[in-house]
file entry_19.csv (CSV, C-alpha atoms)
chain,number,residue,atom,x,y,z
A,1,MET,CA,0.0,0.0,0.0
A,2,LEU,CA,2.8,2.4,0.9
A,3,SER,CA,4.7,2.0,-2.4
A,4,SER,CA,1.5,2.4,-4.5
A,5,THR,CA,0.6,5.6,-2.5
A,6,ILE,CA,4.1,7.1,-3.1
A,7,SER,CA,3.8,6.3,-6.8
A,8,TYR,CA,0.4,7.9,-6.9
A,9,ILE,CA,1.8,11.0,-5.2
A,10,PHE,CA,4.5,11.5,-7.8
A,11,TYR,CA,1.9,11.0,-10.5
A,12,ILE,CA,-0.4,13.7,-9.1
A,13,ARG,CA,2.6,16.1,-8.8
A,14,ARG,CA,3.5,15.5,-12.4
A,15,ILE,CA,0.0,16.2,-13.7
A,16,PHE,CA,-1.0,19.3,-11.6
A,17,MET,CA,2.2,21.1,-10.7
A,18,HIS,CA,2.5,23.5,-13.7
A,19,ILE,CA,-0.9,25.3,-13.5
A,20,GLU,CA,-1.1,28.9,-12.3
A,21,LEU,CA,-4.2,31.1,-11.6
A,22,SER,CA,-2.8,33.8,-14.0
A,23,GLU,CA,-2.8,31.3,-17.0
A,24,HIS,CA,-5.5,31.2,-19.6
A,25,PHE,CA,-7.7,28.3,-18.6
A,26,THR,CA,-8.9,25.8,-21.1
A,27,TYR,CA,-11.5,23.2,-20.1
A,28,SER,CA,-8.6,20.7,-19.7
A,29,LYS,CA,-6.6,23.0,-17.4
A,30,LEU,CA,-9.8,23.9,-15.4
A,31,LEU,CA,-10.4,20.2,-14.8
A,32,ARG,CA,-6.8,19.5,-13.9
A,33,PHE,CA,-6.8,22.5,-11.5
A,34,THR,CA,-10.1,21.7,-9.7
A,35,PHE,CA,-9.8,17.9,-9.7
A,36,PRO,CA,-7.5,17.8,-6.6
A,37,SER,CA,-10.0,19.8,-4.6
A,38,ILE,CA,-12.8,17.5,-5.6
A,39,ILE,CA,-10.8,14.4,-4.6
A,40,MET,CA,-9.8,16.2,-1.3
A,41,MET,CA,-13.5,16.6,-0.4
A,42,VAL,CA,-14.1,12.9,-1.0
A,43,LEU,CA,-11.1,11.7,0.9
A,44,THR,CA,-11.9,14.0,3.9
A,45,SER,CA,-15.2,12.1,4.3
A,46,ILE,CA,-13.5,8.7,4.7
A,47,TYR,CA,-12.4,9.3,8.3
A,48,GLY,CA,-15.8,8.3,9.7
A,49,VAL,CA,-16.3,5.6,7.1
A,50,VAL,CA,-13.0,3.9,7.9
A,51,ASP,CA,-13.6,4.1,11.6
A,52,GLY,CA,-17.0,2.6,11.1
A,53,PHE,CA,-15.7,-0.3,9.1
A,54,PHE,CA,-13.2,-1.3,11.6
A,55,ILE,CA,-15.4,-0.7,14.6
A,56,SER,CA,-18.3,-2.6,13.2
A,57,ASN,CA,-16.1,-5.6,12.2
A,58,PHE,CA,-13.8,-5.8,15.2
A,59,ILE,CA,-15.6,-4.2,18.2
A,60,GLY,CA,-19.4,-4.5,17.9
A,61,ALA,CA,-22.7,-3.0,17.0
A,62,GLU,CA,-23.1,-0.7,20.1
A,63,PRO,CA,-19.8,1.1,19.6
A,64,PHE,CA,-20.5,1.4,15.8
A,65,ALA,CA,-23.9,3.1,16.6
A,66,ALA,CA,-22.2,5.3,19.2
A,67,VAL,CA,-19.7,6.6,16.7
A,68,ASN,CA,-22.4,7.4,14.2
A,69,ILE,CA,-24.4,9.3,16.8
A,70,VAL,CA,-21.5,11.5,18.0
A,71,MET,CA,-19.9,12.1,14.5
A,72,PRO,CA,-22.3,14.9,13.4
A,73,PHE,CA,-21.5,16.9,16.5
A,74,LEU,CA,-17.8,16.7,15.7
A,75,MET,CA,-18.3,17.5,12.0
A,76,ILE,CA,-20.2,20.7,12.9
A,77,PHE,CA,-17.0,22.1,14.4
A,78,GLY,CA,-14.9,20.9,11.5
A,79,ALA,CA,-17.2,22.6,9.1
A,80,VAL,CA,-16.2,26.0,10.5
A,81,GLY,CA,-12.8,25.4,8.8
A,82,PHE,CA,-14.5,24.9,5.4
A,83,MET,CA,-16.5,28.1,6.0
A,84,ILE,CA,-13.5,30.2,6.8
A,85,GLY,CA,-11.4,28.7,4.1
A,86,THR,CA,-14.0,29.2,1.4
A,87,GLY,CA,-14.8,32.8,2.2
A,88,GLY,CA,-11.3,33.7,3.3
A,89,SER,CA,-9.6,32.2,0.2
A,90,ALA,CA,-11.9,34.3,-2.0
A,91,LEU,CA,-11.0,37.4,-0.1
A,92,VAL,CA,-7.3,36.7,-0.2
A,93,ALA,CA,-7.4,35.8,-3.9
A,94,TYR,CA,-9.2,39.1,-4.7
A,95,THR,CA,-6.6,41.1,-2.6
A,96,LEU,CA,-3.7,39.4,-4.5
A,97,GLY,CA,-5.5,40.1,-7.8
A,98,VAL,CA,-5.5,43.8,-7.1
A,99,GLY,CA,-1.8,43.7,-6.3
A,100,ASP,CA,-1.8,44.2,-2.6
A,101,LYS,CA,0.3,41.2,-1.4
A,102,LYS,CA,1.0,42.6,2.0
A,103,LYS,CA,-2.7,43.0,2.8
A,104,ALA,CA,-3.4,39.5,1.5
A,105,ASN,CA,-0.8,38.1,3.8
A,106,GLU,CA,-2.3,40.0,6.7
A,107,ILE,CA,-5.8,38.7,6.0
A,108,PHE,CA,-4.5,35.2,5.7
A,109,SER,CA,-2.7,35.4,9.0
A,110,LEU,CA,-5.7,36.9,10.7
A,111,LEU,CA,-8.0,34.1,9.5
A,112,VAL,CA,-5.6,31.4,10.6
A,113,TYR,CA,-5.3,33.0,14.1
A,114,LEU,CA,-9.1,33.3,14.2
A,115,LEU,CA,-9.4,29.6,13.3
A,116,VAL,CA,-7.0,28.5,15.9
A,117,GLY,CA,-8.7,30.6,18.6
A,118,LEU,CA,-12.1,29.2,17.6
A,119,GLY,CA,-10.7,25.7,17.5
A,120,LEU,CA,-9.4,26.0,21.1
A,121,LEU,CA,-12.7,27.4,22.2
A,122,PHE,CA,-14.7,24.6,20.5
A,123,THR,CA,-12.3,22.0,21.9
A,124,VAL,CA,-13.1,23.1,25.5
A,125,ILE,CA,-16.9,23.2,24.7
A,126,GLY,CA,-16.7,19.8,23.1
A,127,GLU,CA,-14.8,18.2,25.9
A,128,ILE,CA,-17.3,19.5,28.4
A,129,PHE,CA,-20.6,18.9,26.5
A,130,VAL,CA,-19.9,15.8,24.4
A,131,GLY,CA,-21.8,13.6,27.0
A,132,PRO,CA,-25.0,15.7,27.2
A,133,ILE,CA,-25.0,16.3,23.4
A,134,SER,CA,-24.7,12.6,22.8
A,135,GLN,CA,-27.6,11.9,25.0
A,136,PHE,CA,-29.6,14.6,23.2
A,137,LEU,CA,-28.8,12.9,19.9
A,138,GLY,CA,-30.1,9.6,21.1
A,139,ALA,CA,-27.3,7.7,22.9
A,140,ASP,CA,-28.6,5.3,25.5
A,141,ALA,CA,-26.7,4.2,28.7
A,142,GLU,CA,-24.8,1.5,26.8
A,143,MET,CA,-23.7,3.7,24.0
A,144,LEU,CA,-22.9,6.9,26.0
A,145,PRO,CA,-19.4,5.8,27.3
A,146,TYR,CA,-18.4,5.0,23.7
A,147,CYS,CA,-19.7,8.4,22.5
A,148,VAL,CA,-17.8,10.2,25.2
A,149,THR,CA,-14.5,8.3,24.6
A,150,TYR,CA,-14.6,8.7,20.9
A,151,GLY,CA,-15.7,12.4,21.0
A,152,ARG,CA,-13.2,13.5,23.6
A,153,ILE,CA,-10.2,12.0,21.9
A,154,LEU,CA,-11.2,13.5,18.5
A,155,MET,CA,-11.8,16.9,20.1
A,156,LEU,CA,-8.1,17.0,21.1
A,157,ALA,CA,-7.3,17.0,17.3
A,158,LEU,CA,-10.0,19.6,16.4
A,159,VAL,CA,-7.6,22.5,15.7
A,160,PRO,CA,-5.5,20.5,13.2
A,161,PHE,CA,-8.6,19.1,11.6
A,162,MET,CA,-10.0,22.6,11.2
A,163,LEU,CA,-6.7,23.8,9.8
A,164,GLN,CA,-6.7,20.9,7.3
A,165,ASN,CA,-10.2,22.0,6.2
A,166,VAL,CA,-9.3,25.7,5.8
A,167,PHE,CA,-6.0,25.0,4.1
A,168,GLN,CA,-7.7,22.9,1.4
A,169,SER,CA,-9.1,26.2,0.1
A,170,PHE,CA,-6.0,28.3,0.7
A,171,LEU,CA,-3.8,25.9,-1.1
A,172,VAL,CA,-5.9,26.4,-4.2
A,173,THR,CA,-5.4,30.1,-3.9
A,174,ALA,CA,-1.7,29.5,-3.4
A,175,GLU,CA,-1.7,27.6,-6.7
A,176,ARG,CA,-0.8,24.3,-4.8
A,177,PRO,CA,-4.0,22.2,-5.0
A,178,GLN,CA,-1.8,19.1,-5.5
A,179,LEU,CA,-0.2,19.6,-2.1
A,180,GLY,CA,-3.6,19.6,-0.5
A,181,LEU,CA,-4.5,16.4,-2.4
A,182,VAL,CA,-1.3,14.6,-1.4
A,183,THR,CA,-1.7,15.6,2.2
A,184,THR,CA,-5.3,14.4,2.4
A,185,LEU,CA,-4.3,11.2,0.6
A,186,VAL,CA,-1.4,10.5,3.0
A,187,SER,CA,-3.5,11.3,6.1
A,188,GLY,CA,-6.3,9.0,4.8
A,189,VAL,CA,-4.0,6.1,4.2
A,190,LEU,CA,-2.4,6.7,7.6
A,191,ASN,CA,-5.9,6.5,9.2
A,192,ILE,CA,-6.5,3.2,7.5
A,193,VAL,CA,-3.2,1.7,8.6
A,194,LEU,CA,-3.5,3.0,12.2
A,195,ASP,CA,-7.1,1.8,12.5
A,196,ALA,CA,-6.0,-1.7,11.5
A,197,LEU,CA,-3.1,-1.5,13.9
A,198,PHE,CA,-4.9,0.0,16.9
A,199,ILE,CA,-8.2,-1.9,16.5
A,200,ALA,CA,-7.4,-5.2,14.9
A,201,VAL,CA,-3.9,-5.8,16.4
A,202,PHE,CA,-3.7,-3.9,19.7
A,203,ARG,CA,-7.4,-4.2,20.5
A,204,TRP,CA,-7.7,-0.7,21.8
A,205,GLY,CA,-11.4,-0.5,20.9
A,206,VAL,CA,-13.2,2.8,20.3
A,207,ALA,CA,-10.2,4.7,21.8
A,208,GLY,CA,-8.0,3.1,19.2
A,209,ALA,CA,-10.3,4.2,16.4
A,210,ALA,CA,-10.4,7.8,17.7
A,211,SER,CA,-6.7,7.9,18.2
A,212,ALA,CA,-6.0,6.7,14.7
A,213,THR,CA,-8.3,9.4,13.2
A,214,ALA,CA,-6.9,12.1,15.5
A,215,LEU,CA,-3.3,11.4,14.5
A,216,SER,CA,-4.2,11.3,10.8
A,217,GLN,CA,-6.1,14.6,11.1
A,218,THR,CA,-3.1,16.1,12.9
A,219,ILE,CA,-0.8,15.2,10.0
A,220,GLY,CA,-3.4,16.7,7.6
A,221,GLY,CA,-3.3,20.0,9.4
A,222,ILE,CA,0.4,20.3,10.3
A,223,VAL,CA,1.8,19.6,6.9
A,224,PRO,CA,0.1,22.5,5.0
A,225,LEU,CA,0.6,24.8,8.1
A,226,THR,CA,4.4,24.0,7.8
A,227,PHE,CA,4.2,24.8,4.0
A,228,PHE,CA,2.7,28.2,4.7
A,229,ILE,CA,5.1,29.0,7.5
A,230,MET,CA,8.1,28.1,5.3
call {"tool": "encode", "arguments": {"input": "entry_19.csv", "output": "structure tokens"}}
result
Amino acid sequence: MLSSTISYIFYIRRIFMHIELSEHFTYSKLLRFTFPSIIMMVLTSIYGVVDGFFISNFIGAEPFAAVNIVMPFLMIFGAVGFMIGTGGSALVAYTLGVGDKKKANEIFSLLVYLLVGLGLLFTVIGEIFVGPISQFLGADAEMLPYCVTYGRILMLALVPFMLQNVFQSFLVTAERPQLGLVTTLVSGVLNIVLDALFIAVFRWGVAGAASATALSQTIGGIVPLTFFIM
């Protein structure tokens, strides 16, 4: 799996690395430029699917139901990253288009700081209220411990997950959609490998599934953050 993933990464780089926003876009170039973003959105959704597959096959029906109950609560917070990224990247792209690079950098930095601040606030809220929210969403006494365990571990990686979501849009503005695709692909494969290791081998249960997803989301957020810092 690792060798095929590496080969696919170099293939993606070769196809998409030479497209710039200032170019004249043909239909072919438009598809090549937007295709990584489309695939990123698809791959981002596999976190819950992969966890559900391993939990249902190796842990049981109750934990599987618990994960599906608490997942929408977690995704609401993650969606804030998409919201800020979509609106913010349009504003940054416009500012770059009128030639004010300094202001564009300031707007970008402000939005990242805002996202980190909101992420920390949401993390605290989620850690405190994941139990009551799970009950409100329908978790019974048997499912509630699984909901709390899964939710609290994933909340620890909320800031990187939100950064991953916001950078998916900003990497397009930075003319590096292929980097976002490669990062999402690597984090998705890592999630699968860690799920198999933590659940099927180490038998860590729901905590293992949450830990695998949290680690993969952290990689997905830290890599593009490092790119922009550098």
call {"tool": "atom_distance", "arguments": {"input": "entry_19.csv", "atom1": "atom CA of Gly188 of chain A", "atom2": "atom CA of Ile69 of chain A"}}
result
21.7 Å
call {"tool": "atom_distance", "arguments": {"input": "entry_19.csv", "atom1": "atom CA of Val172 of chain A", "atom2": "atom CA of Ser89 of chain A"}}
result
8.2 Å
call {"tool": "residues_around", "arguments": {"input": "entry_19.csv", "residues": "Thr86 of chain A", "least_positions_apart": "5", "cutoff": "10 Å", "atoms": "only C-alpha atoms", "output": "number ranges by chain"}}
result
A: 80-81, 91, 165-170
call {"tool": "write_last_selection", "arguments": {"input": "entry_19.csv", "atoms": "C-alpha atoms", "output": "CSV table (one decimal), in the coordinates of the input"}}
result
chain,number,residue,atom,x,y,z
A,80,VAL,CA,-16.2,26.0,10.5
A,81,GLY,CA,-12.8,25.4,8.8
A,91,LEU,CA,-11.0,37.4,-0.1
A,165,ASN,CA,-10.2,22.0,6.2
A,166,VAL,CA,-9.3,25.7,5.8
A,167,PHE,CA,-6.0,25.0,4.1
A,168,GLN,CA,-7.7,22.9,1.4
A,169,SER,CA,-9.1,26.2,0.1
A,170,PHE,CA,-6.0,28.3,0.7
call {"tool": "residues_near_point", "arguments": {"input": "entry_19.csv", "point": "(-10.5, 31.5, 9.5)", "cutoff": "12 Å", "atoms": "only C-alpha atoms", "output": "ChimeraX atom specification"}}
result
/A:78-92,107-119,159,162-167,169-170
call {"tool": "residues_around", "arguments": {"input": "entry_19.csv", "residues": "Leu43 of chain A", "least_positions_apart": "6", "cutoff": "12 Å", "atoms": "all atoms listed in the file", "output": "PDB file with C-alpha atoms, in the frame of the given file"}}
result
ATOM      1  CA  PRO A  36      -7.500  17.800  -6.600  1.00  0.00           C
ATOM      2  CA  SER A  37     -10.000  19.800  -4.600  1.00  0.00           C
ATOM      3  CA  VAL A  49     -16.300   5.600   7.100  1.00  0.00           C
ATOM      4  CA  VAL A  50     -13.000   3.900   7.900  1.00  0.00           C
ATOM      5  CA  ASN A 165     -10.200  22.000   6.200  1.00  0.00           C
ATOM      6  CA  GLN A 168      -7.700  22.900   1.400  1.00  0.00           C
ATOM      7  CA  GLY A 180      -3.600  19.600  -0.500  1.00  0.00           C
ATOM      8  CA  LEU A 181      -4.500  16.400  -2.400  1.00  0.00           C
ATOM      9  CA  VAL A 182      -1.300  14.600  -1.400  1.00  0.00           C
ATOM     10  CA  THR A 183      -1.700  15.600   2.200  1.00  0.00           C
ATOM     11  CA  THR A 184      -5.300  14.400   2.400  1.00  0.00           C
ATOM     12  CA  LEU A 185      -4.300  11.200   0.600  1.00  0.00           C
ATOM     13  CA  VAL A 186      -1.400  10.500   3.000  1.00  0.00           C
ATOM     14  CA  SER A 187      -3.500  11.300   6.100  1.00  0.00           C
ATOM     15  CA  GLY A 188      -6.300   9.000   4.800  1.00  0.00           C
ATOM     16  CA  VAL A 189      -4.000   6.100   4.200  1.00  0.00           C
ATOM     17  CA  ASN A 191      -5.900   6.500   9.200  1.00  0.00           C
ATOM     18  CA  ILE A 192      -6.500   3.200   7.500  1.00  0.00           C
ATOM     19  CA  GLN A 217      -6.100  14.600  11.100  1.00  0.00           C
ATOM     20  CA  GLY A 220      -3.400  16.700   7.600  1.00  0.00           C
TER      21      GLY A 220
END
call {"tool": "residues_near_point", "arguments": {"input": "entry_19.csv", "point": "(-6.0, 0.4, 17.1)", "cutoff": "8 Å", "atoms": "all atoms listed in the file", "output": "short mmCIF file (atom, residue, chain, number, x, y, z; two decimals) with C-alpha atoms, in the frame of the given file"}}
result
data_model
loop_
_atom_site.label_atom_id
_atom_site.label_comp_id
_atom_site.auth_asym_id
_atom_site.auth_seq_id
_atom_site.Cartn_x
_atom_site.Cartn_y
_atom_site.Cartn_z
CA LEU A 194 -3.50 3.00 12.20
CA ASP A 195 -7.10 1.80 12.50
CA ALA A 196 -6.00 -1.70 11.50
CA LEU A 197 -3.10 -1.50 13.90
CA PHE A 198 -4.90 0.00 16.90
CA ILE A 199 -8.20 -1.90 16.50
CA ALA A 200 -7.40 -5.20 14.90
CA VAL A 201 -3.90 -5.80 16.40
CA PHE A 202 -3.70 -3.90 19.70
CA ARG A 203 -7.40 -4.20 20.50
CA TRP A 204 -7.70 -0.70 21.80
CA GLY A 205 -11.40 -0.50 20.90
CA ALA A 207 -10.20 4.70 21.80
CA GLY A 208 -8.00 3.10 19.20
CA ALA A 209 -10.30 4.20 16.40
CA SER A 211 -6.70 7.90 18.20
CA ALA A 212 -6.00 6.70 14.70
#
call {"tool": "residues_around", "arguments": {"input": "entry_19.csv", "residues": "Phe122 of chain A", "least_positions_apart": "6", "cutoff": "9 Å", "atoms": "all atoms listed in the file", "output": "list in words"}}
result
Phe77, Met155, Leu158 and Val159 of chain A
call {"tool": "build_atoms", "arguments": {"input": "entry_19.csv", "residues": "segment 193-219 of chain A", "atoms": "N, CA, C and O atoms", "output": "PDB file, keeping the file's coordinate frame"}}
result
ATOM      1  N   VAL A 193      -4.249   2.573   8.063  1.00  0.00           N
ATOM      2  CA  VAL A 193      -3.200   1.700   8.600  1.00  0.00           C
ATOM      3  C   VAL A 193      -3.274   1.748  10.169  1.00  0.00           C
ATOM      4  O   VAL A 193      -3.185   0.698  10.821  1.00  0.00           O
ATOM      5  N   LEU A 194      -3.460   2.934  10.754  1.00  0.00           N
ATOM      6  CA  LEU A 194      -3.500   3.000  12.200  1.00  0.00           C
ATOM      7  C   LEU A 194      -4.781   2.375  12.764  1.00  0.00           C
ATOM      8  O   LEU A 194      -4.753   1.780  13.848  1.00  0.00           O
ATOM      9  N   ASP A 195      -5.892   2.501  12.042  1.00  0.00           N
ATOM     10  CA  ASP A 195      -7.100   1.800  12.500  1.00  0.00           C
ATOM     11  C   ASP A 195      -6.878   0.299  12.543  1.00  0.00           C
ATOM     12  O   ASP A 195      -7.269  -0.368  13.514  1.00  0.00           O
ATOM     13  N   ALA A 196      -6.273  -0.240  11.497  1.00  0.00           N
ATOM     14  CA  ALA A 196      -6.000  -1.700  11.500  1.00  0.00           C
ATOM     15  C   ALA A 196      -5.059  -2.061  12.629  1.00  0.00           C
ATOM     16  O   ALA A 196      -5.252  -3.103  13.277  1.00  0.00           O
ATOM     17  N   LEU A 197      -4.063  -1.224  12.885  1.00  0.00           N
ATOM     18  CA  LEU A 197      -3.100  -1.500  13.900  1.00  0.00           C
ATOM     19  C   LEU A 197      -3.709  -1.401  15.321  1.00  0.00           C
ATOM     20  O   LEU A 197      -3.589  -2.313  16.164  1.00  0.00           O
ATOM     21  N   PHE A 198      -4.393  -0.280  15.578  1.00  0.00           N
ATOM     22  CA  PHE A 198      -4.900   0.000  16.900  1.00  0.00           C
ATOM     23  C   PHE A 198      -6.121  -0.888  17.267  1.00  0.00           C
ATOM     24  O   PHE A 198      -6.297  -1.263  18.431  1.00  0.00           O
ATOM     25  N   ILE A 199      -6.954  -1.190  16.264  1.00  0.00           N
ATOM     26  CA  ILE A 199      -8.200  -1.900  16.500  1.00  0.00           C
ATOM     27  C   ILE A 199      -7.990  -3.437  16.345  1.00  0.00           C
ATOM     28  O   ILE A 199      -8.289  -4.234  17.239  1.00  0.00           O
ATOM     29  N   ALA A 200      -7.481  -3.818  15.176  1.00  0.00           N
ATOM     30  CA  ALA A 200      -7.400  -5.200  14.900  1.00  0.00           C
ATOM     31  C   ALA A 200      -6.212  -5.924  15.569  1.00  0.00           C
ATOM     32  O   ALA A 200      -6.294  -7.112  15.916  1.00  0.00           O
ATOM     33  N   VAL A 201      -5.104  -5.190  15.781  1.00  0.00           N
ATOM     34  CA  VAL A 201      -3.900  -5.800  16.400  1.00  0.00           C
ATOM     35  C   VAL A 201      -3.829  -5.519  17.866  1.00  0.00           C
ATOM     36  O   VAL A 201      -3.733  -6.442  18.681  1.00  0.00           O
ATOM     37  N   PHE A 202      -3.850  -4.239  18.247  1.00  0.00           N
ATOM     38  CA  PHE A 202      -3.700  -3.900  19.700  1.00  0.00           C
ATOM     39  C   PHE A 202      -4.974  -4.026  20.484  1.00  0.00           C
ATOM     40  O   PHE A 202      -4.922  -4.018  21.709  1.00  0.00           O
ATOM     41  N   ARG A 203      -6.123  -4.089  19.794  1.00  0.00           N
ATOM     42  CA  ARG A 203      -7.400  -4.200  20.500  1.00  0.00           C
ATOM     43  C   ARG A 203      -7.705  -3.102  21.433  1.00  0.00           C
ATOM     44  O   ARG A 203      -8.122  -3.320  22.567  1.00  0.00           O
ATOM     45  N   TRP A 204      -7.479  -1.878  20.974  1.00  0.00           N
ATOM     46  CA  TRP A 204      -7.700  -0.700  21.800  1.00  0.00           C
ATOM     47  C   TRP A 204      -9.169  -0.223  21.735  1.00  0.00           C
ATOM     48  O   TRP A 204      -9.518   0.762  22.390  1.00  0.00           O
ATOM     49  N   GLY A 205      -9.987  -0.849  20.932  1.00  0.00           N
ATOM     50  CA  GLY A 205     -11.400  -0.500  20.900  1.00  0.00           C
ATOM     51  C   GLY A 205     -11.682   0.850  20.275  1.00  0.00           C
ATOM     52  O   GLY A 205     -10.970   1.334  19.388  1.00  0.00           O
ATOM     53  N   VAL A 206     -12.735   1.489  20.791  1.00  0.00           N
ATOM     54  CA  VAL A 206     -13.200   2.800  20.300  1.00  0.00           C
ATOM     55  C   VAL A 206     -12.056   3.833  20.490  1.00  0.00           C
ATOM     56  O   VAL A 206     -11.854   4.716  19.644  1.00  0.00           O
ATOM     57  N   ALA A 207     -11.334   3.748  21.591  1.00  0.00           N
ATOM     58  CA  ALA A 207     -10.200   4.700  21.800  1.00  0.00           C
ATOM     59  C   ALA A 207      -9.161   4.549  20.752  1.00  0.00           C
ATOM     60  O   ALA A 207      -8.562   5.557  20.324  1.00  0.00           O
ATOM     61  N   GLY A 208      -8.925   3.339  20.272  1.00  0.00           N
ATOM     62  CA  GLY A 208      -8.000   3.100  19.200  1.00  0.00           C
ATOM     63  C   GLY A 208      -8.429   3.763  17.890  1.00  0.00           C
ATOM     64  O   GLY A 208      -7.645   4.390  17.169  1.00  0.00           O
ATOM     65  N   ALA A 209      -9.718   3.614  17.580  1.00  0.00           N
ATOM     66  CA  ALA A 209     -10.300   4.200  16.400  1.00  0.00           C
ATOM     67  C   ALA A 209     -10.165   5.728  16.414  1.00  0.00           C
ATOM     68  O   ALA A 209      -9.772   6.386  15.435  1.00  0.00           O
ATOM     69  N   ALA A 210     -10.517   6.311  17.556  1.00  0.00           N
ATOM     70  CA  ALA A 210     -10.400   7.800  17.700  1.00  0.00           C
ATOM     71  C   ALA A 210      -9.004   8.252  17.637  1.00  0.00           C
ATOM     72  O   ALA A 210      -8.719   9.293  17.025  1.00  0.00           O
ATOM     73  N   SER A 211      -8.087   7.512  18.243  1.00  0.00           N
ATOM     74  CA  SER A 211      -6.700   7.900  18.200  1.00  0.00           C
ATOM     75  C   SER A 211      -6.108   7.869  16.814  1.00  0.00           C
ATOM     76  O   SER A 211      -5.352   8.757  16.413  1.00  0.00           O
ATOM     77  N   ALA A 212      -6.487   6.848  16.047  1.00  0.00           N
ATOM     78  CA  ALA A 212      -6.000   6.700  14.700  1.00  0.00           C
ATOM     79  C   ALA A 212      -6.507   7.932  13.838  1.00  0.00           C
ATOM     80  O   ALA A 212      -5.734   8.545  13.076  1.00  0.00           O
ATOM     81  N   THR A 213      -7.776   8.273  13.988  1.00  0.00           N
ATOM     82  CA  THR A 213      -8.300   9.400  13.200  1.00  0.00           C
ATOM     83  C   THR A 213      -7.705  10.714  13.702  1.00  0.00           C
ATOM     84  O   THR A 213      -7.373  11.574  12.883  1.00  0.00           O
ATOM     85  N   ALA A 214      -7.521  10.885  15.008  1.00  0.00           N
ATOM     86  CA  ALA A 214      -6.900  12.100  15.500  1.00  0.00           C
ATOM     87  C   ALA A 214      -5.508  12.316  15.022  1.00  0.00           C
ATOM     88  O   ALA A 214      -5.122  13.437  14.628  1.00  0.00           O
ATOM     89  N   LEU A 215      -4.718  11.251  14.984  1.00  0.00           N
ATOM     90  CA  LEU A 215      -3.300  11.400  14.500  1.00  0.00           C
ATOM     91  C   LEU A 215      -3.302  11.693  13.014  1.00  0.00           C
ATOM     92  O   LEU A 215      -2.499  12.528  12.576  1.00  0.00           O
ATOM     93  N   SER A 216      -4.167  11.056  12.230  1.00  0.00           N
ATOM     94  CA  SER A 216      -4.200  11.300  10.800  1.00  0.00           C
ATOM     95  C   SER A 216      -4.662  12.754  10.513  1.00  0.00           C
ATOM     96  O   SER A 216      -4.138  13.429   9.614  1.00  0.00           O
ATOM     97  N   GLN A 217      -5.641  13.239  11.271  1.00  0.00           N
ATOM     98  CA  GLN A 217      -6.100  14.600  11.100  1.00  0.00           C
ATOM     99  C   GLN A 217      -5.009  15.614  11.503  1.00  0.00           C
ATOM    100  O   GLN A 217      -4.884  16.683  10.895  1.00  0.00           O
ATOM    101  N   THR A 218      -4.229  15.270  12.515  1.00  0.00           N
ATOM    102  CA  THR A 218      -3.100  16.100  12.900  1.00  0.00           C
ATOM    103  C   THR A 218      -2.103  16.276  11.813  1.00  0.00           C
ATOM    104  O   THR A 218      -1.632  17.389  11.519  1.00  0.00           O
ATOM    105  N   ILE A 219      -1.761  15.163  11.170  1.00  0.00           N
ATOM    106  CA  ILE A 219      -0.800  15.200  10.000  1.00  0.00           C
ATOM    107  C   ILE A 219      -1.434  16.077   8.919  1.00  0.00           C
ATOM    108  O   ILE A 219      -0.738  16.897   8.305  1.00  0.00           O
TER     109      ILE A 219
END
